[in-house]
Amino acid sequence: IDSIHRTVQRTPESYQACKDIMACMKDRAHVERQYAHQLTEWSNKWKAITETRPLYGSLLRAWQCFFSSTERLSALHTSVSQSLVSEDGERIRSWQKETFPRKMFCGFRESHDLATAFSRAQKPWEKRLKKLEKARAAYHKSCQKEQSAQEKESQAKHNAKLSESKLSKIQQAREKATQERSKARDRYEKVLEDVTGFAPRYMEEMESVFDQSQEEERKRISFLKQAFLSIHRHLDITNNESIKTVYSELHHTLMSISEPDDLRWWKNNHGPGMPTDWPKLEEWNPPIKKQKPGKKPKVHRGTEEKAVMIGGVRVRALYNYTGEETDELSFKAGEEFLKVEEEDDQGWCWGVKEGGVEGFYPANYVLPVK
């Protein structure tokens, strides 16, 4: 969105740049009459101003080169001042009037048309993104419901006092939650597929509008390049060898103005050439409710370990889990191991994997093996 705004704003910014260039050259003409001392004051003033103006790339470097070259000059003829104001200034002013027509109540016509075209191209994309976000939220919510139902079913199976009818209802609720989660995921994947499939068309439409903007900017760069070259011809009038060298270097900088390079830079920084983070499927993992207690001493291998293994309950992991500390187990979804201690009041259990690896793990990440 910010890049689109920047691209649309190039039109009023270019208009302002023309005003700045005309004011800049008018000041330069005044400085020409004041010889070396005034040239230095002019250069210092406009150096600071150009840093805040919207021109960029080789065009900006060319503009700034006028100031660096001016600092090396000692005197200029009075006719230079007249040429800068009467010829180059009027040429830019006439071009500015023809190039930037205004639309009533909407600012510049070009900006209004670009903003409208970008908005029209974005609407179907934004609509799909909203639909995708809604599907994602629904899928994650169904995952939470399924996990809650699984926990309730697990507790019910260990409750000997619970009647068969109530246990059956709880199991049916869990099965329904699983079905709803599966349906929600299918809808989520379908919407994501639609968004992914629409992306090329979206990019094509956005680039079409962007290319219109680039073409107008190319014309502006080309004109200002010629305007700068005209200004250069009026300034380069002395026979002094050191001044000839100054203007030779300035001319080289102006000839280095590159429309393709400037347009490519803008495209890569404010247009479709920028890196794009496309939407992708976000898997859901259950939250770890509480912090685990202090580290538990390891069970020594030998007779004590065998007792623990015999008295444990075999469980199966529902989700992947990577231990964050050395006293935590890591496991993959579907992996089985022994729970050797019941869940504590902070939601953690102590388990032992094959090979004797033991540690804490979140209780809501596993279910007992039937």
# chains A, B, ... in the order shown; residues from 1 in each chain; ligands from 1
>>> select_by_dssp(residues="segment 92-278 of chain A", states="strand (DSSP E)", output="ChimeraX atom specification")
/A:102-103,107-108
>>> residues_around(residues="Tyr202 of chain A", least_positions_apart="3", cutoff="9 Å", atoms="only C-alpha atoms", output="MDAnalysis selection string")
chainID A and resid 121:122 124:125 198:199 205:207
>>> write_last_selection(atoms="all heavy atoms", output="compact mmCIF listing (two decimals), in the first residue's frame")
# COMPACT_ATOMS: atom_id res chain seq x y z
N ALA A 121 -7.78 -2.42 -9.35
CA ALA A 121 -7.04 -3.68 -9.46
C ALA A 121 -6.90 -4.38 -8.12
O ALA A 121 -6.83 -5.60 -8.06
CB ALA A 121 -5.65 -3.40 -10.05
N GLN A 122 -6.91 -3.61 -7.04
CA GLN A 122 -6.70 -4.19 -5.72
C GLN A 122 -7.96 -4.78 -5.09
O GLN A 122 -7.87 -5.68 -4.25
CB GLN A 122 -6.14 -3.13 -4.77
CG GLN A 122 -4.64 -2.95 -4.87
CD GLN A 122 -4.13 -2.07 -3.75
OE1 GLN A 122 -4.60 -0.94 -3.57
NE2 GLN A 122 -3.20 -2.58 -2.99
N PRO A 124 -10.51 -6.89 -5.93
CA PRO A 124 -10.73 -8.34 -5.88
C PRO A 124 -9.68 -9.06 -5.06
O PRO A 124 -9.97 -10.07 -4.42
CB PRO A 124 -10.68 -8.75 -7.35
CG PRO A 124 -9.98 -7.65 -8.06
CD PRO A 124 -10.31 -6.41 -7.31
N TRP A 125 -8.45 -8.55 -5.05
CA TRP A 125 -7.38 -9.17 -4.25
C TRP A 125 -7.65 -8.99 -2.76
O TRP A 125 -7.53 -9.94 -1.96
CB TRP A 125 -6.05 -8.55 -4.62
CG TRP A 125 -4.89 -9.03 -3.80
CD1 TRP A 125 -4.23 -8.36 -2.84
CD2 TRP A 125 -4.25 -10.31 -3.88
NE1 TRP A 125 -3.22 -9.11 -2.32
CE2 TRP A 125 -3.21 -10.33 -2.94
CE3 TRP A 125 -4.46 -11.44 -4.65
CZ2 TRP A 125 -2.38 -11.43 -2.75
CZ3 TRP A 125 -3.63 -12.54 -4.46
CH2 TRP A 125 -2.60 -12.53 -3.52
N PHE A 198 -5.19 -16.64 -8.09
CA PHE A 198 -5.54 -15.30 -8.56
C PHE A 198 -4.33 -14.37 -8.58
O PHE A 198 -4.35 -13.32 -9.24
CB PHE A 198 -6.62 -14.71 -7.64
CG PHE A 198 -7.15 -13.39 -8.11
CD1 PHE A 198 -8.07 -13.31 -9.14
CD2 PHE A 198 -6.73 -12.20 -7.53
CE1 PHE A 198 -8.56 -12.09 -9.57
CE2 PHE A 198 -7.21 -10.98 -7.94
CZ PHE A 198 -8.14 -10.92 -8.97
N ALA A 199 -3.26 -14.74 -7.86
CA ALA A 199 -2.11 -13.85 -7.72
C ALA A 199 -1.51 -13.41 -9.06
O ALA A 199 -1.21 -12.23 -9.24
CB ALA A 199 -1.04 -14.53 -6.85
N GLU A 205 -2.42 -7.05 -13.51
CA GLU A 205 -3.20 -5.82 -13.52
C GLU A 205 -2.47 -4.69 -12.81
O GLU A 205 -2.48 -3.54 -13.28
CB GLU A 205 -4.56 -6.07 -12.86
CG GLU A 205 -5.44 -7.02 -13.65
CD GLU A 205 -6.76 -7.32 -12.96
OE1 GLU A 205 -6.95 -6.86 -11.80
OE2 GLU A 205 -7.60 -8.01 -13.55
N MET A 206 -1.81 -5.02 -11.67
CA MET A 206 -1.08 -3.98 -10.94
C MET A 206 0.12 -3.48 -11.75
O MET A 206 0.40 -2.28 -11.78
CB MET A 206 -0.62 -4.54 -9.59
CG MET A 206 -1.75 -4.82 -8.61
SD MET A 206 -2.63 -3.32 -8.08
CE MET A 206 -1.41 -2.60 -6.98
N GLU A 207 0.82 -4.40 -12.41
CA GLU A 207 1.96 -3.99 -13.21
C GLU A 207 1.53 -3.16 -14.42
O GLU A 207 2.27 -2.26 -14.85
CB GLU A 207 2.73 -5.23 -13.69
CG GLU A 207 3.51 -5.91 -12.59
CD GLU A 207 4.43 -7.00 -13.11
OE1 GLU A 207 4.72 -6.99 -14.32
OE2 GLU A 207 4.84 -7.84 -12.31
>>> residues_around(residues="Glu13 of chain A", least_positions_apart="2", cutoff="12 Å", atoms="only C-alpha atoms", output="ChimeraX atom specification")
/A:5-11,15-20,52-56,100,108,111,217,220
>>> closest_residue(among="A:Asp211, A:Glu343, A:Glu249, A:Glu324", to="Gly271 of chain A", atoms="only C-alpha atoms")
A:Asp211
>>> residues_around(residues="segment 363-369 of chain A", least_positions_apart="6", cutoff="9 Å", atoms="only C-alpha atoms", output="list in words")
Gln147, Gln150, Glu151, Ser154, Pro286, Pro287, Ile288, Lys289, Val313, Arg314, Val315, Arg316, Ala317, Leu318, Tyr319, Asn320, Tyr321, Ala333, Glu336, Lys339, Glu342, Glu343, Asp344, Gly347, Trp348, Cys349 and Trp350 of chain A
>>> write_last_selection(atoms="N, CA, C and O atoms", output="short mmCIF file (atom, residue, chain, number, x, y, z; two decimals), in the first residue's frame")
data_model
loop_
_atom_site.label_atom_id
_atom_site.label_comp_id
_atom_site.auth_asym_id
_atom_site.auth_seq_id
_atom_site.Cartn_x
_atom_site.Cartn_y
_atom_site.Cartn_z
N GLN A 147 -9.15 -30.06 20.20
CA GLN A 147 -8.23 -30.38 21.29
C GLN A 147 -8.94 -30.41 22.64
O GLN A 147 -8.72 -31.29 23.46
N GLN A 150 -10.86 -33.61 22.87
CA GLN A 150 -9.97 -34.74 23.11
C GLN A 150 -9.57 -34.82 24.57
O GLN A 150 -9.51 -35.91 25.17
N GLU A 151 -9.27 -33.68 25.16
CA GLU A 151 -8.91 -33.66 26.58
C GLU A 151 -10.08 -34.11 27.45
O GLU A 151 -9.90 -34.87 28.41
N SER A 154 -10.44 -37.85 27.15
CA SER A 154 -9.39 -38.54 27.88
C SER A 154 -9.70 -38.59 29.37
O SER A 154 -9.53 -39.61 30.03
N PRO A 286 -1.23 -26.37 19.76
CA PRO A 286 -1.87 -25.97 21.02
C PRO A 286 -0.92 -25.18 21.90
O PRO A 286 0.29 -25.41 21.86
N PRO A 287 -1.43 -24.22 22.65
CA PRO A 287 -0.56 -23.44 23.53
C PRO A 287 -0.10 -24.25 24.73
O PRO A 287 -0.79 -25.16 25.18
N ILE A 288 1.08 -23.96 25.23
CA ILE A 288 1.55 -24.53 26.49
C ILE A 288 1.07 -23.63 27.60
O ILE A 288 1.45 -22.47 27.69
N LYS A 289 0.20 -24.17 28.43
CA LYS A 289 -0.58 -23.32 29.33
C LYS A 289 0.27 -22.60 30.38
O LYS A 289 0.08 -21.44 30.63
N VAL A 313 2.54 -45.30 32.00
CA VAL A 313 1.39 -45.40 31.09
C VAL A 313 1.87 -45.02 29.69
O VAL A 313 2.47 -43.94 29.51
N ARG A 314 1.61 -45.85 28.71
CA ARG A 314 2.07 -45.58 27.35
C ARG A 314 1.18 -44.50 26.71
O ARG A 314 -0.05 -44.61 26.73
N VAL A 315 1.81 -43.49 26.15
CA VAL A 315 1.08 -42.38 25.54
C VAL A 315 1.59 -42.17 24.12
O VAL A 315 2.69 -42.58 23.76
N ARG A 316 0.73 -41.50 23.31
CA ARG A 316 1.08 -41.19 21.92
C ARG A 316 0.99 -39.67 21.71
O ARG A 316 0.02 -39.03 22.12
N ALA A 317 2.02 -39.10 21.06
CA ALA A 317 2.08 -37.64 20.83
C ALA A 317 1.06 -37.24 19.76
O ALA A 317 0.94 -37.88 18.72
N LEU A 318 0.33 -36.17 20.05
CA LEU A 318 -0.63 -35.61 19.09
C LEU A 318 0.03 -34.59 18.16
O LEU A 318 -0.40 -34.40 17.02
N TYR A 319 1.07 -33.91 18.64
CA TYR A 319 1.71 -32.84 17.89
C TYR A 319 3.22 -32.96 18.02
O TYR A 319 3.73 -33.65 18.91
N ASN A 320 3.92 -32.29 17.15
CA ASN A 320 5.38 -32.19 17.28
C ASN A 320 5.71 -31.29 18.46
O ASN A 320 5.03 -30.29 18.72
N TYR A 321 6.78 -31.62 19.18
CA TYR A 321 7.23 -30.74 20.26
C TYR A 321 8.75 -30.80 20.33
O TYR A 321 9.34 -31.89 20.31
N ALA A 333 4.81 -35.96 16.21
CA ALA A 333 3.43 -36.42 16.29
C ALA A 333 3.36 -37.90 15.91
O ALA A 333 3.93 -38.32 14.91
N GLU A 336 5.41 -42.71 20.38
CA GLU A 336 4.92 -43.26 21.64
C GLU A 336 6.06 -43.36 22.65
O GLU A 336 7.21 -43.64 22.28
N LYS A 339 4.59 -42.39 30.12
CA LYS A 339 4.37 -41.36 31.13
C LYS A 339 4.61 -42.02 32.48
O LYS A 339 3.90 -42.95 32.86
N GLU A 342 2.22 -38.49 37.01
CA GLU A 342 1.00 -37.80 36.63
C GLU A 342 1.26 -36.32 36.38
O GLU A 342 2.28 -35.77 36.84
N GLU A 343 0.32 -35.68 35.71
CA GLU A 343 0.42 -34.24 35.40
C GLU A 343 0.43 -33.43 36.68
O GLU A 343 -0.34 -33.67 37.61
N ASP A 344 1.36 -32.45 36.76
CA ASP A 344 1.40 -31.59 37.95
C ASP A 344 0.43 -30.43 37.78
O ASP A 344 -0.27 -30.32 36.76
N GLY A 347 0.65 -28.30 34.47
CA GLY A 347 0.40 -28.83 33.14
C GLY A 347 1.53 -29.63 32.54
O GLY A 347 1.56 -29.83 31.33
N TRP A 348 2.50 -30.11 33.33
CA TRP A 348 3.64 -30.86 32.82
C TRP A 348 3.65 -32.28 33.39
O TRP A 348 3.23 -32.52 34.52
N CYS A 349 4.12 -33.22 32.58
CA CYS A 349 4.31 -34.61 33.00
C CYS A 349 5.78 -34.99 32.83
O CYS A 349 6.53 -34.33 32.11
N TRP A 350 6.16 -36.10 33.51
CA TRP A 350 7.52 -36.63 33.37
C TRP A 350 7.43 -37.92 32.58
O TRP A 350 6.64 -38.81 32.88
#
>>> atom_distance(atom1="atom CA of Lys130 of chain A", atom2="atom CA of Phe118 of chain A")
18.1 Å
>>> residues_around(residues="Leu224 of chain A", least_positions_apart="6", cutoff="12 Å", atoms="only C-alpha atoms", output="count of residues only")
28
>>> residues_around(residues="segment 65-69 of chain A", least_positions_apart="2", cutoff="9 Å", atoms="only C-alpha atoms", output="PyMOL selection string")
chain A and resi 39-40+42-44+46-47+60-63+71-73+232+243+246-247+249-250+253-254
>>> closest_residue(among="A:Glu204, A:Asp194, A:Glu153, A:Glu133", to="Pro272 of chain A", atoms="only C-alpha atoms")
A:Glu204
>>> atom_distance(atom1="atom CA of Phe337 of chain A", atom2="atom CA of Glu325 of chain A")
18.9 Å
>>> closest_residue(among="A:Glu180, A:Asp327, A:Glu193, A:Glu216", to="Thr99 of chain A", atoms="only C-alpha atoms")
A:Glu216
>>> select_by_dssp(residues="segment 26-178 of chain A", states="alpha helix (DSSP H)", output="PyMOL selection string")
chain A and resi 26-50+57-70+78-83+90-99+109-157+164-178
>>> atom_distance(atom1="atom CA of Glu110 of chain A", atom2="atom CA of Glu51 of chain A")
25.4 Å
>>> residues_around(residues="Val191 of chain A", least_positions_apart="4", cutoff="8 Å", atoms="only C-alpha atoms", output="MDAnalysis selection string")
chainID A and resid 128 131:132 135 187 195
>>> decode(residues="segment 218-253 of chain A", atoms="N, CA, C and O atoms", output="mmCIF file, in the first residue's frame")
data_model
loop_
_atom_site.group_PDB
_atom_site.id
_atom_site.type_symbol
_atom_site.label_atom_id
_atom_site.label_comp_id
_atom_site.auth_asym_id
_atom_site.auth_seq_id
_atom_site.Cartn_x
_atom_site.Cartn_y
_atom_site.Cartn_z
ATOM 1 N N ARG A 218 9.194 8.413 -17.132
ATOM 2 C CA ARG A 218 10.264 8.393 -18.117
ATOM 3 C C ARG A 218 10.283 9.690 -18.920
ATOM 4 O O ARG A 218 11.352 10.263 -19.185
ATOM 5 N N LYS A 219 9.089 10.160 -19.315
ATOM 6 C CA LYS A 219 9.011 11.414 -20.072
ATOM 7 C C LYS A 219 9.530 12.580 -19.239
ATOM 8 O O LYS A 219 10.225 13.466 -19.754
ATOM 9 N N ARG A 220 9.193 12.571 -17.936
ATOM 10 C CA ARG A 220 9.655 13.664 -17.067
ATOM 11 C C ARG A 220 11.172 13.629 -16.922
ATOM 12 O O ARG A 220 11.840 14.685 -16.971
ATOM 13 N N ILE A 221 11.723 12.437 -16.732
ATOM 14 C CA ILE A 221 13.177 12.314 -16.593
ATOM 15 C C ILE A 221 13.871 12.789 -17.865
ATOM 16 O O ILE A 221 14.878 13.510 -17.818
ATOM 17 N N SER A 222 13.326 12.391 -19.004
ATOM 18 C CA SER A 222 13.929 12.777 -20.282
ATOM 19 C C SER A 222 13.913 14.292 -20.460
ATOM 20 O O SER A 222 14.917 14.895 -20.876
ATOM 21 N N PHE A 223 12.785 14.923 -20.146
ATOM 22 C CA PHE A 223 12.696 16.379 -20.298
ATOM 23 C C PHE A 223 13.666 17.093 -19.358
ATOM 24 O O PHE A 223 14.395 18.014 -19.763
ATOM 25 N N LEU A 224 13.681 16.680 -18.092
ATOM 26 C CA LEU A 224 14.550 17.348 -17.130
ATOM 27 C C LEU A 224 16.021 17.133 -17.465
ATOM 28 O O LEU A 224 16.858 18.003 -17.183
ATOM 29 N N LYS A 225 16.327 15.985 -18.047
ATOM 30 C CA LYS A 225 17.704 15.775 -18.504
ATOM 31 C C LYS A 225 18.077 16.826 -19.551
ATOM 32 O O LYS A 225 19.150 17.450 -19.475
ATOM 33 N N GLN A 226 17.201 17.041 -20.532
ATOM 34 C CA GLN A 226 17.458 18.048 -21.563
ATOM 35 C C GLN A 226 17.491 19.454 -20.968
ATOM 36 O O GLN A 226 18.295 20.301 -21.397
ATOM 37 N N ALA A 227 16.627 19.697 -19.986
ATOM 38 C CA ALA A 227 16.628 21.013 -19.336
ATOM 39 C C ALA A 227 17.942 21.256 -18.607
ATOM 40 O O ALA A 227 18.524 22.349 -18.684
ATOM 41 N N PHE A 228 18.443 20.216 -17.914
ATOM 42 C CA PHE A 228 19.725 20.344 -17.226
ATOM 43 C C PHE A 228 20.866 20.568 -18.225
ATOM 44 O O PHE A 228 21.790 21.349 -17.969
ATOM 45 N N LEU A 229 20.797 19.871 -19.345
ATOM 46 C CA LEU A 229 21.835 20.061 -20.358
ATOM 47 C C LEU A 229 21.798 21.475 -20.930
ATOM 48 O O LEU A 229 22.841 22.070 -21.228
ATOM 49 N N SER A 230 20.610 22.036 -21.078
ATOM 50 C CA SER A 230 20.492 23.411 -21.568
ATOM 51 C C SER A 230 21.083 24.392 -20.566
ATOM 52 O O SER A 230 21.789 25.344 -20.940
ATOM 53 N N ILE A 231 20.791 24.154 -19.304
ATOM 54 C CA ILE A 231 21.370 25.005 -18.259
ATOM 55 C C ILE A 231 22.891 24.910 -18.289
ATOM 56 O O ILE A 231 23.605 25.913 -18.149
ATOM 57 N N HIS A 232 23.372 23.697 -18.493
ATOM 58 C CA HIS A 232 24.820 23.506 -18.549
ATOM 59 C C HIS A 232 25.459 24.303 -19.682
ATOM 60 O O HIS A 232 26.523 24.919 -19.517
ATOM 61 N N ARG A 233 24.816 24.327 -20.833
ATOM 62 C CA ARG A 233 25.376 25.062 -21.978
ATOM 63 C C ARG A 233 25.472 26.558 -21.675
ATOM 64 O O ARG A 233 26.423 27.218 -22.095
ATOM 65 N N HIS A 234 24.498 27.074 -20.953
ATOM 66 C CA HIS A 234 24.553 28.494 -20.614
ATOM 67 C C HIS A 234 25.635 28.796 -19.590
ATOM 68 O O HIS A 234 26.220 29.889 -19.590
ATOM 69 N N LEU A 235 25.908 27.851 -18.733
ATOM 70 C CA LEU A 235 26.905 28.094 -17.698
ATOM 71 C C LEU A 235 28.331 27.952 -18.213
ATOM 72 O O LEU A 235 29.234 28.673 -17.782
ATOM 73 N N ASP A 236 28.559 27.035 -19.132
ATOM 74 C CA ASP A 236 29.909 26.722 -19.587
ATOM 75 C C ASP A 236 30.349 27.703 -20.675
ATOM 76 O O ASP A 236 30.369 27.385 -21.865
ATOM 77 N N ILE A 237 30.734 28.925 -20.274
ATOM 78 C CA ILE A 237 31.063 29.958 -21.260
ATOM 79 C C ILE A 237 32.458 30.510 -21.086
ATOM 80 O O ILE A 237 32.871 31.390 -21.833
ATOM 81 N N THR A 238 33.206 30.059 -20.134
ATOM 82 C CA THR A 238 34.533 30.647 -19.892
ATOM 83 C C THR A 238 35.597 29.902 -20.664
ATOM 84 O O THR A 238 35.395 28.794 -21.155
ATOM 85 N N ASN A 239 36.761 30.520 -20.748
ATOM 86 C CA ASN A 239 37.914 29.909 -21.397
ATOM 87 C C ASN A 239 38.957 29.450 -20.388
ATOM 88 O O ASN A 239 40.017 28.956 -20.774
ATOM 89 N N ASN A 240 38.655 29.629 -19.136
ATOM 90 C CA ASN A 240 39.583 29.213 -18.097
ATOM 91 C C ASN A 240 39.672 27.694 -18.079
ATOM 92 O O ASN A 240 38.659 27.001 -18.058
ATOM 93 N N GLU A 241 40.927 27.179 -18.082
ATOM 94 C CA GLU A 241 41.108 25.735 -18.176
ATOM 95 C C GLU A 241 40.532 24.998 -16.966
ATOM 96 O O GLU A 241 39.946 23.926 -17.106
ATOM 97 N N SER A 242 40.689 25.564 -15.793
ATOM 98 C CA SER A 242 40.164 24.893 -14.599
ATOM 99 C C SER A 242 38.632 24.872 -14.618
ATOM 100 O O SER A 242 38.000 23.877 -14.231
ATOM 101 N N ILE A 243 38.033 25.962 -15.123
ATOM 102 C CA ILE A 243 36.575 26.002 -15.215
ATOM 103 C C ILE A 243 36.091 25.068 -16.314
ATOM 104 O O ILE A 243 35.039 24.419 -16.172
ATOM 105 N N LYS A 244 36.867 24.950 -17.414
ATOM 106 C CA LYS A 244 36.503 23.995 -18.452
ATOM 107 C C LYS A 244 36.472 22.572 -17.884
ATOM 108 O O LYS A 244 35.603 21.761 -18.225
ATOM 109 N N THR A 245 37.418 22.313 -17.011
ATOM 110 C CA THR A 245 37.460 20.986 -16.390
ATOM 111 C C THR A 245 36.232 20.753 -15.523
ATOM 112 O O THR A 245 35.629 19.669 -15.518
ATOM 113 N N VAL A 246 35.827 21.808 -14.789
ATOM 114 C CA VAL A 246 34.634 21.702 -13.948
ATOM 115 C C VAL A 246 33.427 21.341 -14.796
ATOM 116 O O VAL A 246 32.659 20.415 -14.477
ATOM 117 N N TYR A 247 33.241 22.062 -15.892
ATOM 118 C CA TYR A 247 32.066 21.823 -16.713
ATOM 119 C C TYR A 247 32.161 20.519 -17.503
ATOM 120 O O TYR A 247 31.141 19.913 -17.852
ATOM 121 N N SER A 248 33.376 20.098 -17.795
ATOM 122 C CA SER A 248 33.532 18.804 -18.439
ATOM 123 C C SER A 248 33.058 17.684 -17.516
ATOM 124 O O SER A 248 32.363 16.749 -17.941
ATOM 125 N N GLU A 249 33.422 17.790 -16.248
ATOM 126 C CA GLU A 249 32.981 16.794 -15.263
ATOM 127 C C GLU A 249 31.469 16.867 -15.062
ATOM 128 O O GLU A 249 30.792 15.837 -14.920
ATOM 129 N N LEU A 250 30.939 18.080 -15.038
ATOM 130 C CA LEU A 250 29.496 18.247 -14.883
ATOM 131 C C LEU A 250 28.750 17.629 -16.065
ATOM 132 O O LEU A 250 27.735 16.938 -15.883
ATOM 133 N N HIS A 251 29.271 17.850 -17.265
ATOM 134 C CA HIS A 251 28.631 17.289 -18.455
ATOM 135 C C HIS A 251 28.625 15.762 -18.411
ATOM 136 O O HIS A 251 27.630 15.118 -18.786
ATOM 137 N N HIS A 252 29.722 15.196 -17.941
ATOM 138 C CA HIS A 252 29.789 13.734 -17.831
ATOM 139 C C HIS A 252 28.716 13.210 -16.881
ATOM 140 O O HIS A 252 28.064 12.186 -17.156
ATOM 141 N N THR A 253 28.509 13.920 -15.774
ATOM 142 C CA THR A 253 27.480 13.501 -14.812
ATOM 143 C C THR A 253 26.085 13.597 -15.414
ATOM 144 O O THR A 253 25.250 12.711 -15.228
#
